[in-house]
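Enquirer: So that you have it, the file is protein24.cif, and it contains mmCIF, C-alpha atoms:
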data_data
#
loop_
_atom_site.label_atom_id
_atom_site.label_comp_id
_atom_site.auth_asym_id
_atom_site.auth_seq_id
_atom_site.Cartn_x
_atom_site.Cartn_y
_atom_site.Cartn_z
CA MET A 1458 40.88 9.41 8.33
CA GLN A 1459 40.41 6.01 6.80
CA VAL A 1460 36.96 5.29 5.45
CA SER A 1461 35.60 1.92 4.36
CA TYR A 1462 32.32 1.06 2.69
CA ARG A 1463 31.63 -2.43 1.35
CA ASP A 1464 34.86 -3.36 -0.48
CA LYS A 1465 35.95 0.26 -1.07
CA ARG A 1466 38.51 2.34 0.87
CA TRP A 1467 39.21 6.08 1.00
CA GLU A 1468 41.62 8.33 2.86
CA PHE A 1469 40.63 11.89 3.86
CA ASP A 1470 42.85 14.32 5.72
CA ARG A 1471 40.24 17.01 6.46
CA ARG A 1472 37.94 17.26 9.44
CA MET A 1473 34.28 17.07 8.47
CA PRO A 1474 30.92 16.00 9.91
CA VAL A 1475 29.45 12.62 9.03
CA TYR A 1476 26.77 14.08 6.78
CA ARG A 1477 29.43 15.87 4.70
CA LEU A 1478 31.35 12.62 4.22
CA LEU A 1479 28.17 10.88 3.08
CA GLU A 1480 27.49 13.71 0.62
CA LYS A 1481 31.02 13.37 -0.76
CA LEU A 1482 30.46 9.66 -1.30
CA SER A 1483 26.93 10.22 -2.71
CA LEU A 1484 25.37 8.06 0.00
CA LEU A 1485 21.96 8.74 1.51
CA PRO A 1486 22.03 8.66 5.33
CA GLU A 1487 18.83 6.59 5.14
CA ASN A 1488 20.79 3.75 3.53
CA VAL A 1489 23.75 3.52 5.88
CA LEU A 1490 24.98 3.58 9.46
CA VAL A 1491 28.34 5.09 10.36
CA LEU A 1492 30.78 3.73 12.91
CA ARG A 1493 33.54 6.05 14.11
CA ASN A 1494 36.32 4.08 15.77
CA GLY A 1495 33.83 1.25 16.27
CA GLN A 1496 31.07 3.42 17.79
CA LEU A 1497 27.80 4.21 16.05
CA VAL A 1498 27.46 7.98 15.52
CA THR A 1499 24.81 10.40 14.23
CA GLU A 1500 25.24 12.48 11.08
CA ASP A 1501 26.15 15.70 12.91
CA GLN A 1502 29.21 14.15 14.61
CA PRO A 1503 32.68 15.38 13.58
CA LEU A 1504 35.17 13.08 11.92
CA GLN A 1505 38.84 13.86 12.52
CA PRO A 1506 42.07 12.91 10.79
CA GLY A 1507 43.14 9.64 12.40
CA ASP A 1508 39.58 8.36 12.83
CA GLU A 1509 38.70 4.96 11.46
CA VAL A 1510 35.31 5.24 9.82
CA LYS A 1511 33.25 2.26 8.74
CA ILE A 1512 30.10 2.86 6.72
CA VAL A 1513 27.66 -0.02 6.95
CA ALA A 1514 25.08 -0.53 4.22
CA VAL A 1515 21.69 -1.36 5.67
CA VAL A 1516 19.84 -2.27 2.48
CA SER A 1517 19.35 -5.91 1.70
CA GLY A 1518 16.95 -7.90 -0.37
CA GLY A 1519 16.44 -9.60 -3.64
CA MET B 303 22.92 15.37 18.88
CA LYS B 304 21.72 14.19 22.27
CA CYS B 305 19.48 11.36 23.42
CA ARG B 306 15.98 12.66 23.98
CA LYS B 307 15.57 10.46 27.05
CA CYS B 308 18.80 11.12 28.99
CA GLY B 309 20.86 13.76 27.19
CA ALA B 310 23.81 11.41 26.53
CA PRO B 311 25.36 11.44 23.03
CA ALA B 312 22.90 9.88 20.57
CA VAL B 313 23.96 6.97 18.37
CA ILE B 314 21.02 7.14 15.99
CA ASN B 315 18.77 9.89 14.70
CA MET B 316 15.44 8.76 13.28
CA ARG B 317 14.17 11.76 11.33
CA HIS B 318 10.88 9.98 10.56
CA HIS B 319 10.16 9.74 14.30
CA LYS B 320 11.90 13.05 15.16
CA LEU B 321 13.79 10.98 17.71
CA ALA B 322 17.47 10.64 18.58
CA LEU B 323 18.54 8.07 21.20
CA CYS B 324 21.65 6.80 22.96
CA ALA B 325 22.58 3.11 22.67
CA ALA B 326 20.89 2.00 25.89
CA HIS B 327 17.63 3.84 25.22
CA TYR B 328 17.61 2.82 21.57
CA LEU B 329 17.84 -0.88 22.45
CA THR B 330 14.95 -0.52 24.90
CA TRP B 331 12.89 1.54 22.46
CA PHE B 332 13.40 -0.90 19.57
CA VAL B 333 12.28 -3.90 21.62
CA GLN B 334 9.21 -1.96 22.80
CA GLN B 335 8.36 -1.00 19.22
CA THR B 336 8.48 -4.64 18.17
CA GLU B 337 6.34 -5.72 21.10
CA ARG B 338 3.83 -3.00 20.25
CA ALA B 339 3.55 -4.33 16.68
CA ILE B 340 3.12 -7.91 17.95
CA HIS B 341 0.24 -6.79 20.18
CA LYS B 342 -1.33 -4.35 17.71
CA TYR B 343 -1.67 -6.95 14.97
CA ARG B 344 -2.31 -9.82 17.42
CA MET B 345 0.55 -11.83 15.97
CA PHE B 346 1.06 -14.35 18.78
CA THR B 347 1.04 -14.81 22.53
CA HIS B 348 3.57 -16.06 25.07
CA ASP B 349 1.78 -19.42 25.11
CA GLU B 350 2.46 -20.08 21.45
CA ARG B 351 5.52 -21.65 19.82
CA ILE B 352 7.18 -19.48 17.21
CA LEU B 353 9.41 -20.57 14.36
CA VAL B 354 11.67 -17.76 13.17
CA ALA B 355 12.99 -18.07 9.64
CA VAL B 356 16.64 -17.06 9.93
CA SER B 357 18.92 -16.30 7.01
CA GLY B 358 21.98 -15.13 8.91
CA GLY B 359 21.17 -11.54 7.95
CA LYS B 360 20.57 -8.62 10.31
CA ASP B 361 16.78 -8.68 10.22
CA SER B 362 16.10 -12.30 11.01
CA LEU B 363 18.79 -12.59 13.68
CA ALA B 364 17.67 -9.31 15.26
CA LEU B 365 14.10 -10.63 15.27
CA TRP B 366 15.11 -13.88 16.92
CA ASP B 367 17.09 -11.91 19.51
CA VAL B 368 14.21 -9.52 20.26
CA LEU B 369 11.68 -12.34 20.62
CA LEU B 370 13.97 -14.18 23.05
CA ARG B 371 14.52 -10.99 25.06
CA LEU B 372 10.74 -10.57 25.24
CA GLY B 373 10.44 -14.08 26.62
CA TYR B 374 8.75 -15.72 23.66
CA ARG B 375 9.26 -19.41 22.87
CA ALA B 376 11.09 -18.85 19.60
CA ASP B 377 13.13 -21.43 17.69
CA GLY B 378 14.96 -20.88 14.43
CA LEU B 379 14.78 -22.36 10.95
CA ALA B 380 17.75 -22.02 8.60
CA ILE B 381 17.45 -23.12 4.99
CA ASP B 382 20.69 -23.97 3.20
CA LEU B 383 19.95 -22.96 -0.37
CA GLY B 384 23.28 -24.18 -1.72
CA ILE B 385 24.23 -20.74 -3.07
CA ASP B 386 27.99 -20.59 -3.49
CA ASP B 387 28.85 -18.50 -6.55
CA GLY B 388 32.46 -18.25 -5.41
CA VAL B 389 31.62 -16.44 -2.16
CA TYR B 390 30.21 -19.37 -0.12
CA TYR B 391 27.09 -17.31 0.56
CA SER B 392 24.88 -20.07 1.97
CA GLU B 393 27.75 -21.51 3.98
CA HIS B 394 28.52 -18.15 5.62
CA SER B 395 24.83 -17.49 6.24
CA LEU B 396 24.47 -20.81 8.01
CA GLU B 397 27.61 -20.20 10.07
CA MET B 398 26.20 -16.88 11.33
CA THR B 399 22.92 -18.51 12.25
CA GLN B 400 24.57 -21.45 14.00
CA ALA B 401 26.85 -19.08 15.93
CA PHE B 402 23.82 -17.13 17.16
CA ALA B 403 21.98 -20.32 18.10
CA ALA B 404 25.04 -21.59 20.01
CA GLN B 405 24.85 -18.48 22.21
CA HIS B 406 21.21 -19.27 23.05
CA PRO B 407 21.11 -22.88 24.25
CA GLU B 408 17.48 -22.45 25.37
CA THR B 409 16.42 -22.44 21.71
CA ARG B 410 16.51 -24.96 18.92
CA LEU B 411 17.75 -24.41 15.37
CA HIS B 412 16.24 -26.48 12.58
CA VAL B 413 18.42 -26.73 9.48
CA VAL B 414 17.10 -27.84 6.11
CA SER B 415 19.58 -28.40 3.29
CA ILE B 416 17.90 -28.04 -0.09
CA PRO B 417 20.69 -29.84 -2.01
CA ALA B 418 20.73 -32.73 0.53
CA ARG B 419 16.94 -33.08 0.71
CA TYR B 420 16.01 -32.51 -2.91
CA GLY B 421 19.23 -33.26 -4.76
CA GLU B 422 19.80 -29.83 -6.28
CA SER B 423 20.81 -26.39 -5.05
CA VAL B 424 18.73 -23.30 -5.82
CA PRO B 425 21.12 -22.13 -8.61
CA GLU B 426 21.00 -25.63 -10.14
CA VAL B 427 17.20 -25.66 -10.14
CA ALA B 428 17.14 -22.14 -11.61
CA ARG B 429 19.50 -23.24 -14.39
CA ARG B 430 17.44 -26.34 -15.16
CA LYS B 431 14.22 -24.33 -15.21
CA ARG B 432 15.94 -21.67 -17.36
CA ARG B 433 15.40 -19.00 -14.75
CA VAL B 434 19.08 -18.07 -14.44
CA GLN B 435 18.26 -14.40 -14.90
CA ARG B 436 15.63 -14.47 -12.16
CA PRO B 437 16.57 -17.16 -9.63
CA CYS B 438 14.95 -15.11 -6.84
CA SER B 439 11.49 -16.36 -7.84
CA VAL B 440 12.65 -19.99 -7.59
CA CYS B 441 14.40 -19.25 -4.31
CA GLY B 442 11.31 -17.56 -2.85
CA LEU B 443 9.09 -20.46 -3.86
CA ILE B 444 11.42 -23.02 -2.26
CA LYS B 445 11.80 -21.01 0.96
CA ARG B 446 8.05 -20.44 1.36
CA HIS B 447 7.34 -24.15 0.86
CA GLU B 448 10.01 -25.31 3.30
CA MET B 449 9.13 -22.73 5.95
CA ASN B 450 5.51 -23.81 5.87
CA ARG B 451 6.40 -27.51 5.84
CA VAL B 452 8.71 -27.31 8.86
CA ALA B 453 6.31 -25.07 10.79
CA LEU B 454 3.48 -27.59 10.34
CA GLU B 455 5.54 -30.78 10.76
CA GLU B 456 7.22 -29.52 13.93
CA GLY B 457 3.98 -28.23 15.43
CA TYR B 458 4.72 -24.51 15.58
CA ASP B 459 1.80 -22.12 16.00
CA VAL B 460 3.27 -19.38 13.92
CA LEU B 461 6.05 -18.65 11.44
CA ALA B 462 7.84 -15.30 11.89
CA THR B 463 9.98 -13.63 9.25
CA GLY B 464 12.30 -10.64 9.54
CA HIS B 465 10.64 -8.57 6.81
CA ASN B 466 11.08 -4.92 7.74
CA LEU B 467 9.26 -1.76 6.71
CA ASP B 468 11.59 -1.17 3.77
CA ASP B 469 10.90 -4.69 2.48
CA GLU B 470 7.16 -4.20 2.86
CA ALA B 471 7.16 -0.72 1.29
CA ALA B 472 9.27 -1.94 -1.67
CA THR B 473 6.96 -4.92 -2.22
CA LEU B 474 3.91 -2.67 -1.98
CA PHE B 475 5.47 -0.17 -4.38
CA GLY B 476 6.22 -2.88 -6.94
CA ASN B 477 2.76 -4.37 -6.69
CA VAL B 478 1.08 -0.97 -6.97
CA LEU B 479 3.15 -0.08 -10.03
CA ARG B 480 1.65 -3.09 -11.77
CA TRP B 481 -1.64 -3.11 -9.81
CA GLN B 482 -1.11 -6.73 -8.93
CA CYS B 483 -4.21 -7.02 -6.77
CA THR B 484 -3.74 -10.73 -6.10
CA TYR B 485 -0.44 -9.95 -4.37
CA LEU B 486 -1.72 -6.74 -2.79
CA ARG B 487 -4.55 -8.44 -0.97
CA ARG B 488 -2.10 -10.99 0.48
CA GLN B 489 0.25 -8.33 1.88
CA ALA B 490 -0.35 -7.90 5.60
CA PRO B 491 1.51 -8.05 8.94
CA VAL B 492 -0.35 -11.29 9.68
CA LEU B 493 -1.47 -13.97 7.25
CA PRO B 494 -3.77 -16.25 9.23
CA ALA B 495 -3.45 -20.02 9.19
CA ASN B 496 -6.03 -21.86 7.17
CA ASP B 497 -7.47 -25.34 7.12
CA ALA B 498 -5.87 -26.08 3.78
CA GLY B 499 -2.51 -26.33 5.51
CA LEU B 500 -0.98 -22.88 5.63
CA ALA B 501 0.75 -21.91 8.85
CA ARG B 502 0.10 -18.45 10.30
CA LYS B 503 2.77 -16.02 9.07
CA VAL B 504 3.74 -12.84 10.86
CA LYS B 505 6.16 -9.95 10.31
CA PRO B 506 6.93 -8.32 13.68
CA PHE B 507 9.36 -5.80 12.09
CA CYS B 508 6.84 -4.57 9.51
CA ARG B 509 6.83 -1.08 11.08
CA SER B 510 10.60 -0.96 11.69
CA TYR B 511 12.91 0.71 9.19
CA GLU B 512 15.72 -1.42 7.81
CA ARG B 513 18.20 1.09 9.27
CA GLU B 514 16.66 0.48 12.70
CA THR B 515 17.03 -3.29 12.54
CA ALA B 516 20.65 -2.87 11.39
CA ALA B 517 21.36 -0.46 14.26
CA TYR B 518 19.84 -2.92 16.71
CA ALA B 519 21.99 -5.78 15.39
CA LEU B 520 25.15 -3.65 15.54
CA LEU B 521 24.45 -2.35 19.04
CA ARG B 522 23.65 -5.85 20.28
CA ASP B 523 26.90 -7.14 18.74
CA ILE B 524 24.99 -9.69 16.70
CA ALA B 525 27.34 -11.10 14.06
CA TYR B 526 25.41 -11.16 10.79
CA ILE B 527 26.27 -11.65 7.14
CA TYR B 528 27.01 -8.27 5.53
CA GLU B 529 27.34 -9.63 2.02
CA GLU B 530 24.36 -9.46 -0.25
CA CYS B 531 23.13 -12.64 -1.92
CA PRO B 532 25.11 -12.76 -5.21
CA PHE B 533 21.86 -13.21 -7.12
CA ALA B 534 20.29 -10.07 -5.62
CA VAL B 535 22.41 -7.79 -7.82
CA GLY B 536 20.04 -5.83 -10.04
CA ALA B 537 16.96 -7.20 -8.29
CA THR B 538 13.86 -5.10 -8.88
CA SER B 539 13.16 -4.90 -5.15
CA LEU B 540 16.52 -3.16 -4.65
CA GLU B 541 15.66 -0.65 -7.36
CA HIS B 542 12.36 0.04 -5.64
CA LYS B 543 14.17 0.46 -2.33
CA ALA B 544 16.52 3.00 -3.91
CA THR B 545 13.57 5.00 -5.24
CA LEU B 546 11.81 4.93 -1.89
CA ALA B 547 15.03 5.89 -0.06
CA GLN B 548 15.26 9.07 -2.14
CA LEU B 549 11.61 9.89 -1.35
CA GLU B 550 12.28 9.19 2.34
CA HIS B 551 15.34 11.44 2.27
CA ASP B 552 13.31 14.30 0.83
CA ALA B 553 10.30 13.70 3.10
CA PRO B 554 11.07 11.65 6.24
CA GLY B 555 8.29 9.23 7.11
CA THR B 556 7.21 8.62 3.51
CA LYS B 557 7.77 4.86 3.66
CA LEU B 558 5.96 4.47 6.95
CA HIS B 559 2.98 6.51 5.75
CA PHE B 560 2.88 4.64 2.44
CA TYR B 561 2.71 1.27 4.19
CA LEU B 562 0.43 2.23 7.07
CA SER B 563 -1.97 4.05 4.75
CA PHE B 564 -2.20 0.88 2.66
CA LEU B 565 -3.04 -1.18 5.78
CA LYS B 566 -5.66 1.41 6.74
CA ALA B 567 -7.18 1.29 3.26
CA ARG B 568 -7.32 -2.51 3.54
CA ARG B 569 -9.20 -2.26 6.83
CA GLU B 570 -11.58 0.26 5.32
CA GLY B 571 -12.52 -1.97 2.37
CA LEU B 572 -9.89 -1.55 -0.36
CA PHE B 573 -10.69 -5.14 -1.29
CA SER B 574 -14.12 -6.69 -1.28
CA ALA B 575 -14.88 -9.47 1.23
CA GLU B 576 -14.88 -11.92 -1.67
CA GLN B 577 -11.42 -10.79 -2.77
CA GLN B 578 -10.14 -10.96 0.79
CA GLU B 579 -11.10 -14.61 1.04
CA GLY B 580 -8.97 -15.36 -2.00
CA THR B 581 -8.95 -18.39 -4.22
CA ALA B 582 -9.95 -21.79 -2.88
CA LEU B 583 -6.98 -23.99 -1.99
CA HIS B 584 -6.68 -27.75 -1.93
CA PRO B 585 -3.86 -30.16 -1.04
CA CYS B 586 -1.09 -30.85 -3.55
CA GLN B 587 -1.31 -34.49 -4.70
CA LYS B 588 2.36 -35.05 -3.90
CA CYS B 589 3.34 -33.02 -0.81
CA GLY B 590 -0.08 -32.19 0.62
CA GLN B 591 0.62 -28.49 0.92
CA PRO B 592 -2.12 -26.13 -0.26
CA THR B 593 -2.21 -25.05 -3.87
CA ILE B 594 -4.57 -23.49 -6.38
CA ALA B 595 -3.24 -25.81 -9.09
CA PRO B 596 -5.43 -28.84 -9.95
CA ASP B 597 -2.77 -31.49 -9.19
CA LEU B 598 0.78 -30.60 -8.17
CA CYS B 599 1.79 -27.40 -6.39
CA ALA B 600 4.36 -25.06 -7.95
CA PHE B 601 7.06 -26.41 -5.61
CA CYS B 602 6.54 -30.04 -6.63
CA ARG B 603 6.37 -29.07 -10.30
CA LEU B 604 9.80 -27.51 -9.79
CA TRP B 605 11.36 -30.91 -9.19
CA GLY B 606 9.57 -32.73 -11.99
CA LYS B 607 11.93 -33.72 -14.77
#
What would you get if you wrote out this structure as structure tokens?
Expert:
Amino acid sequence: MQVSYRDKRWEFDRRMPVYRLLEKLSLLPENVLVLRNGQLVTEDQPLQPGDEVKIVAVVSGG
Amino acid sequence: MKCRKCGAPAVINMRHHKLALCAAHYLTWFVQQTERAIHKYRMFTHDERILVAVSGGKDSLALWDVLLRLGYRADGLAIDLGIDDGVYYSEHSLEMTQAFAAQHPETRLHVVSIPARYGESVPEVARRKRRVQRPCSVCGLIKRHEMNRVALEEGYDVLATGHNLDDEAATLFGNVLRWQCTYLRRQAPVLPANDAGLARKVKPFCRSYERETAAYALLRDIAYIYEECPFAVGATSLEHKATLAQLEHDAPGTKLHFYLSFLKARREGLFSAEQQEGTALHPCQKCGQPTIAPDLCAFCRLWGK
């Protein structure tokens, strides 16, 4: 699966749930939303090889 | 995970509310939550004219969208700060705001260009005032002044900003760390108008997590600027947000309890009546906006050579 977050890109070939992916990337689920193939999904949802995953940061401010 | 209302696949799980919802029920729920906050804190009524300060970000555009869906008379105010820094930040922000406004012809968008009106962009002012390291304070001062000015000049009853719970909790956290009581007593969902010339200010998203406003914007297909302001890198408020996010992760609901407990303590007399009234304000000799300074307000002093 192809994963993007801000200006970073990763490629993973193993099936895993969203929360596992976030753990791998050291991201707190409280700080992001995850789109799988353009659809918002919860942390328990599976991610498969071939999925396009976009992680959206929700924190803003200054 | 399934939607608690209908059993369809959930799109968001809010551990702090122990609530997972599908897209349709989430959009309904989020609008209802906002309306509940508007009523609870008596922010405004359907008879009043609302000016929404819009930055092109998720919070302010989501707020404008929610208010329009609720049938409020809400117009927008965009302030072009002239922040470029190689990424055309202000330009992109304005484009997002104008695109949203174009989809809602029933509303009006006011645009104020700081460089055009005052001759300098925010980064230029920050450089001249030697606040390059902390331009956010200059930026905040300019935005507050202009929001108040336009709200009063254009006859709006209330000025609404998209500050969310995470913003409020981070501000509260920072002020508590330094026990800045002057700032603490001014932090509230509603700051009433006063005779000195301050417009009423409200924060309808003050009980909504930042993740919730982002989910609303995404599910509503609202195009917003993802990029962070280039000057926000390393901002203290972002550090406070990171600390609070870890606490929230370990104990869901921490941010909400922190903020709501502060509001409760306020109601129950955290500050004396004298403190609540604050310092006496009088009109700035140049712009007429209220200030505690004896002659010129901080905004007008900014432009003095």
Enquirer: Up to 10 Å from chain A, what residues of chain B turn up? Count only C-alpha atoms and give them as a PyMOL selection string.
Expert: chain B and resi 303-304+311-317+322-325+359-361+436-439+441-442+465+468-469+472+511-517+520-521+528-541+543-544+547-548+550-551+554
Enquirer: Rounded to one decimal in Å, what is the spacing between atom CA of B:Gln587 and atom CA of B:Lys445?
Expert: 19.6 Å
Enquirer: Please indicate the distance in Å from atom CA of B:Leu467 to atom CA of B:Met398, rounded to one decimal place.
Expert: 23.2 Å
Enquirer: How far is it from atom CA of B:Ser510 to atom CA of B:Ser392, in Å with one decimal?
Expert: 25.8 Å
Enquirer: For the point (-2.1, -7.3, 5.6) in file coordinates, what residues are within 12 Å, counting all atoms listed in the file? Give the answer as a VMD selection string?
Expert: chain B and resid 343 345 470 474 485 to 494 503 to 505 508 561 to 569 572 to 573 578
Enquirer: Could you please take those selected residues and save C-alpha atoms as a PDB file, in the coordinates of the input?
Expert:
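Saved to result.pdb:
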ATOM      1  CA  TYR B 343      -1.670  -6.950  14.970  1.00  0.00           C
ATOM      2  CA  MET B 345       0.550 -11.830  15.970  1.00  0.00           C
ATOM      3  CA  GLU B 470       7.160  -4.200   2.860  1.00  0.00           C
ATOM      4  CA  LEU B 474       3.910  -2.670  -1.980  1.00  0.00           C
ATOM      5  CA  TYR B 485      -0.440  -9.950  -4.370  1.00  0.00           C
ATOM      6  CA  LEU B 486      -1.720  -6.740  -2.790  1.00  0.00           C
ATOM      7  CA  ARG B 487      -4.550  -8.440  -0.970  1.00  0.00           C
ATOM      8  CA  ARG B 488      -2.100 -10.990   0.480  1.00  0.00           C
ATOM      9  CA  GLN B 489       0.250  -8.330   1.880  1.00  0.00           C
ATOM     10  CA  ALA B 490      -0.350  -7.900   5.600  1.00  0.00           C
ATOM     11  CA  PRO B 491       1.510  -8.050   8.940  1.00  0.00           C
ATOM     12  CA  VAL B 492      -0.350 -11.290   9.680  1.00  0.00           C
ATOM     13  CA  LEU B 493      -1.470 -13.970   7.250  1.00  0.00           C
ATOM     14  CA  PRO B 494      -3.770 -16.250   9.230  1.00  0.00           C
ATOM     15  CA  LYS B 503       2.770 -16.020   9.070  1.00  0.00           C
ATOM     16  CA  VAL B 504       3.740 -12.840  10.860  1.00  0.00           C
ATOM     17  CA  LYS B 505       6.160  -9.950  10.310  1.00  0.00           C
ATOM     18  CA  CYS B 508       6.840  -4.570   9.510  1.00  0.00           C
ATOM     19  CA  TYR B 561       2.710   1.270   4.190  1.00  0.00           C
ATOM     20  CA  LEU B 562       0.430   2.230   7.070  1.00  0.00           C
ATOM     21  CA  SER B 563      -1.970   4.050   4.750  1.00  0.00           C
ATOM     22  CA  PHE B 564      -2.200   0.880   2.660  1.00  0.00           C
ATOM     23  CA  LEU B 565      -3.040  -1.180   5.780  1.00  0.00           C
ATOM     24  CA  LYS B 566      -5.660   1.410   6.740  1.00  0.00           C
ATOM     25  CA  ALA B 567      -7.180   1.290   3.260  1.00  0.00           C
ATOM     26  CA  ARG B 568      -7.320  -2.510   3.540  1.00  0.00           C
ATOM     27  CA  ARG B 569      -9.200  -2.260   6.830  1.00  0.00           C
ATOM     28  CA  LEU B 572      -9.890  -1.550  -0.360  1.00  0.00           C
ATOM     29  CA  PHE B 573     -10.690  -5.140  -1.290  1.00  0.00           C
ATOM     30  CA  GLN B 578     -10.140 -10.960   0.790  1.00  0.00           C
TER      31      GLN B 578
END
Enquirer: Could you check the closest approach to B:Ile444 for each of B:His559, B:Arg344, B:Arg509, B:Arg419 and tell me which residue wins, using all atoms listed in the file?
Expert: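 Distance minimum relative to B:Ile444 lands on B:Arg419.
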Enquirer: Quick one: of A:Asn1494, A:Val1510, A:Met1458, A:Ser1483, who's nearest to A:Arg1471, counting all atoms listed in the file?
Expert: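 Smallest distance to A:Arg1471 is found for A:Met1458.
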Enquirer: Determine, counting all atoms listed in the file, which protein, DNA and RNA residues have an atom within 9 Å of an atom of A:Asp1470; residues of the same chain fewer than 5 positions away are not included. Present the result as a list in words.
Expert: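 Here the answer would be Met1458, Gln1459, Gln1505, Pro1506 and Gly1507 of chain A.
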